[in-house]
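What follows is a short report on a single structure.
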Amino acid sequence: MSAVVEFDAVSVRRGQSHLLDDLSLTVRDGEHWAVLGPNGAGKTTLLQLAGSRMHPTSGSVRLLDEQMGRVDVFELRPRIGFTSQALAQQTPGSEILRDLVLTAAYGVVGRWTEEYEEEDIARAEDLLTAFRIGHLADRRFATLSEGERKRAQIARALMTDPELLLLDEPASGLDLGGREELLQALTEIIGSQHGPTTVMVTHHVEEIPRGITHALLLKDGRAVAAGPIEQALTAENLTETFGVPVVLEEHEGRFAARASGATSSASH
């Protein structure tokens, strides 16, 4: 399988701080990665690099066979679907949901005077339907629930039929029902024969959907473990990553974690 994301000894420094420190990582076509770590571990920085929205201080980044620093990122970005809370905050509350998805075709937020083909409009509506929010196509973004907004953002990220899908904590802030509905949608994307390679950031193992094939555990900008999920996502590696003794449970492709000795489940 060809490499979709390649980090070679990548570091990102801000002043005296290392957001990422000598990180090497290869994500191959057809793989689906979960990236876990505490606050400040470098997870969002990794996604910014993988989304061509940041350059490393040192080291090499290749995305979709293109070398960062030698490619027009505005030609590269339409090949990469990206969702994040920061992007959601840039969305005008008055934006119609259909237009929120549709404008991804031009890589803009907020519809102005662009002209769209009928097939673009049909694709946007098909994506909304696939995420079970097609009936909300004419609703304004500000009127949606948090779960509906999350699903809308992923539909938008898929509008350009990307080769790489990057998800920054897609289930954060959702209640149990909203989380499970979103994870079911992600499982369907991951399981699709023509679905994109996926890299998903989360704090919680409970938010890892079925179908994730690999895991990267980050701490202080460095990799604690990286590889097939059954090898990388272990109680020992989670303990080292989060700094507390962890018990990890797995059931039919879903995970749960709690502190060792805790009487009730709490994810870490």
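Scheme for the structure tokens: letters A, B, ... for chains in order shown; per-chain residue numbers from 1; ligand numbers from 1 in order shown.
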>> Give me, as number ranges by chain, all polymer residues having an atom no more than 12 Å from Ala225 of chain A, counting only C-alpha atoms and skipping those fewer than 6 positions away in the same chain.
In response: A: 23-25, 34-37, 214-219, 231-241
N, CA and C atoms of the current selection, written as a PDB file, in the first residue's frame:
```pdb
ATOM      1  N   LEU A  23       9.169  13.202  15.524  1.00  0.00           N
ATOM      2  CA  LEU A  23       8.136  12.199  15.274  1.00  0.00           C
ATOM      3  C   LEU A  23       8.249  11.656  13.853  1.00  0.00           C
ATOM      4  N   SER A  24       8.323  10.337  13.740  1.00  0.00           N
ATOM      5  CA  SER A  24       8.268   9.665  12.449  1.00  0.00           C
ATOM      6  C   SER A  24       7.020   8.787  12.426  1.00  0.00           C
ATOM      7  N   LEU A  25       6.284   8.845  11.323  1.00  0.00           N
ATOM      8  CA  LEU A  25       5.007   8.142  11.219  1.00  0.00           C
ATOM      9  C   LEU A  25       4.680   7.922   9.753  1.00  0.00           C
ATOM     10  N   ALA A  34      -6.349   6.001  14.944  1.00  0.00           N
ATOM     11  CA  ALA A  34      -6.784   6.804  16.087  1.00  0.00           C
ATOM     12  C   ALA A  34      -5.532   7.348  16.767  1.00  0.00           C
ATOM     13  N   VAL A  35      -5.539   8.644  17.074  1.00  0.00           N
ATOM     14  CA  VAL A  35      -4.423   9.294  17.760  1.00  0.00           C
ATOM     15  C   VAL A  35      -4.910   9.716  19.135  1.00  0.00           C
ATOM     16  N   LEU A  36      -4.278   9.194  20.179  1.00  0.00           N
ATOM     17  CA  LEU A  36      -4.688   9.473  21.549  1.00  0.00           C
ATOM     18  C   LEU A  36      -3.545  10.090  22.334  1.00  0.00           C
ATOM     19  N   GLY A  37      -3.900  10.891  23.322  1.00  0.00           N
ATOM     20  CA  GLY A  37      -2.902  11.479  24.208  1.00  0.00           C
ATOM     21  C   GLY A  37      -3.536  12.556  25.054  1.00  0.00           C
ATOM     22  N   HIS A 214      -5.318   1.158  13.246  1.00  0.00           N
ATOM     23  CA  HIS A 214      -4.039   1.500  13.848  1.00  0.00           C
ATOM     24  C   HIS A 214      -4.229   2.560  14.934  1.00  0.00           C
ATOM     25  N   ALA A 215      -3.243   2.652  15.802  1.00  0.00           N
ATOM     26  CA  ALA A 215      -3.289   3.667  16.859  1.00  0.00           C
ATOM     27  C   ALA A 215      -1.915   4.278  17.058  1.00  0.00           C
ATOM     28  N   LEU A 216      -1.923   5.568  17.369  1.00  0.00           N
ATOM     29  CA  LEU A 216      -0.726   6.308  17.759  1.00  0.00           C
ATOM     30  C   LEU A 216      -1.001   6.931  19.112  1.00  0.00           C
ATOM     31  N   LEU A 217      -0.147   6.659  20.085  1.00  0.00           N
ATOM     32  CA  LEU A 217      -0.259   7.249  21.408  1.00  0.00           C
ATOM     33  C   LEU A 217       0.853   8.272  21.565  1.00  0.00           C
ATOM     34  N   LEU A 218       0.464   9.516  21.854  1.00  0.00           N
ATOM     35  CA  LEU A 218       1.402  10.632  21.962  1.00  0.00           C
ATOM     36  C   LEU A 218       1.493  11.136  23.398  1.00  0.00           C
ATOM     37  N   LYS A 219       2.702  11.520  23.793  1.00  0.00           N
ATOM     38  CA  LYS A 219       2.930  12.161  25.083  1.00  0.00           C
ATOM     39  C   LYS A 219       4.089  13.135  24.917  1.00  0.00           C
ATOM     40  N   GLN A 231      -1.736  -3.994  18.863  1.00  0.00           N
ATOM     41  CA  GLN A 231      -0.397  -3.933  19.445  1.00  0.00           C
ATOM     42  C   GLN A 231      -0.139  -2.613  20.176  1.00  0.00           C
ATOM     43  N   ALA A 232      -0.645  -1.517  19.616  1.00  0.00           N
ATOM     44  CA  ALA A 232      -0.341  -0.193  20.188  1.00  0.00           C
ATOM     45  C   ALA A 232      -1.274   0.186  21.318  1.00  0.00           C
ATOM     46  N   LEU A 233      -2.551  -0.189  21.207  1.00  0.00           N
ATOM     47  CA  LEU A 233      -3.528   0.225  22.217  1.00  0.00           C
ATOM     48  C   LEU A 233      -3.615  -0.849  23.294  1.00  0.00           C
ATOM     49  N   THR A 234      -2.737  -0.720  24.281  1.00  0.00           N
ATOM     50  CA  THR A 234      -2.703  -1.656  25.401  1.00  0.00           C
ATOM     51  C   THR A 234      -2.791  -0.880  26.701  1.00  0.00           C
ATOM     52  N   ALA A 235      -3.134  -1.583  27.778  1.00  0.00           N
ATOM     53  CA  ALA A 235      -3.207  -0.945  29.091  1.00  0.00           C
ATOM     54  C   ALA A 235      -1.853  -0.364  29.486  1.00  0.00           C
ATOM     55  N   GLU A 236      -0.780  -1.087  29.159  1.00  0.00           N
ATOM     56  CA  GLU A 236       0.557  -0.608  29.515  1.00  0.00           C
ATOM     57  C   GLU A 236       0.889   0.685  28.784  1.00  0.00           C
ATOM     58  N   ASN A 237       0.576   0.746  27.494  1.00  0.00           N
ATOM     59  CA  ASN A 237       0.876   1.957  26.727  1.00  0.00           C
ATOM     60  C   ASN A 237      -0.006   3.125  27.147  1.00  0.00           C
ATOM     61  N   LEU A 238      -1.276   2.862  27.461  1.00  0.00           N
ATOM     62  CA  LEU A 238      -2.151   3.920  27.952  1.00  0.00           C
ATOM     63  C   LEU A 238      -1.673   4.440  29.310  1.00  0.00           C
ATOM     64  N   THR A 239      -1.200   3.540  30.153  1.00  0.00           N
ATOM     65  CA  THR A 239      -0.675   3.941  31.456  1.00  0.00           C
ATOM     66  C   THR A 239       0.508   4.877  31.292  1.00  0.00           C
ATOM     67  N   GLU A 240       1.413   4.531  30.386  1.00  0.00           N
ATOM     68  CA  GLU A 240       2.575   5.390  30.145  1.00  0.00           C
ATOM     69  C   GLU A 240       2.152   6.721  29.526  1.00  0.00           C
ATOM     70  N   THR A 241       1.182   6.679  28.651  1.00  0.00           N
ATOM     71  CA  THR A 241       0.766   7.889  27.944  1.00  0.00           C
ATOM     72  C   THR A 241       0.078   8.884  28.870  1.00  0.00           C
TER      73      THR A 241
END
```
Using backbone DSSP assignments, extract all strand (DSSP E or B) residues from segment 13-262 of chain A; output them as a PyMOL selection string. chain A and resi 13-14+17-28+32-36+58-63+66-67+80-83+96+140+164-168+197-202+214-219+222-228+246-251+254-259
Could you name the residues that touch Phe82 of chain A at 10 Å or less, counting only C-alpha atoms, but leaving out those on the same chain fewer than 4 positions away, as an MDAnalysis selection string?
-> chainID A and resid 47:48 50:51 77:78 87 153:154 156:158 162 164:168 199
Residues within 10 Å of Ser94 of chain A, only C-alpha atoms, excluding chain neighbours under 5 positions, as a compact mmCIF listing (two decimals) with N, CA, C and O atoms, in the first residue's frame:
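Saved to part16.txt:
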```txt
# COMPACT_ATOMS: atom_id res chain seq x y z
N GLY A 110 -18.95 29.80 4.04
CA GLY A 110 -19.89 30.88 3.77
C GLY A 110 -20.09 31.05 2.28
O GLY A 110 -19.13 31.32 1.53
N ARG A 139 -32.10 24.28 7.11
CA ARG A 139 -31.97 24.88 8.44
C ARG A 139 -30.66 25.65 8.54
O ARG A 139 -29.66 25.32 7.90
N ARG A 140 -30.65 26.67 9.39
CA ARG A 140 -29.44 27.44 9.63
C ARG A 140 -28.54 26.71 10.63
O ARG A 140 -29.03 26.07 11.56
N PHE A 141 -27.24 26.85 10.43
CA PHE A 141 -26.27 26.12 11.24
C PHE A 141 -26.48 26.39 12.73
O PHE A 141 -26.37 25.49 13.57
N ALA A 142 -26.79 27.64 13.10
CA ALA A 142 -26.93 28.02 14.50
C ALA A 142 -28.09 27.30 15.19
O ALA A 142 -28.11 27.22 16.43
N THR A 143 -29.05 26.80 14.43
CA THR A 143 -30.22 26.17 15.03
C THR A 143 -30.04 24.67 15.24
O THR A 143 -30.93 24.02 15.80
```
Requested in this report: Check the DSSP output for the backbone and give back, as a ChimeraX atom specification, the residues of segment 188-254 of chain A in alpha helix (DSSP H).
Outcome: /A:188-191,229-232,235-242
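The protein and nucleic acid residues lying at most 7 Å from segment 11-22 of chain A are Gly42, Thr45, Pro56, Thr57, Ser58, Gly59, Gly221 and Arg222 of chain A, with only C-alpha atoms considered and sequence neighbours fewer than 6 positions away removed.
Considering only C-alpha atoms, the residue among A:Val4, A:Ile208, A:Ala86, A:Ala9 positioned nearest to Leu63 of chain A is A:Val4.
Going from atom CA of Glu95 of chain A to atom CA of Glu146 of chain A covers 15.3 Å.
Taking atom CA of Thr103 of chain A and atom CA of Ala130 of chain A as the two end points, the separation is 17.9 Å.
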Review point. Which residues come within 7 Å of Ala105 of chain A, counting only C-alpha atoms, excluding same-chain residues fewer than 3 positions away, as a ChimeraX atom specification?
Key: /A:102,159-160
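Across A:Glu163, A:Leu100, A:Ile212, A:Glu206, the tightest approach to Leu186 of chain A is made by A:Ile212 when counting only C-alpha atoms.
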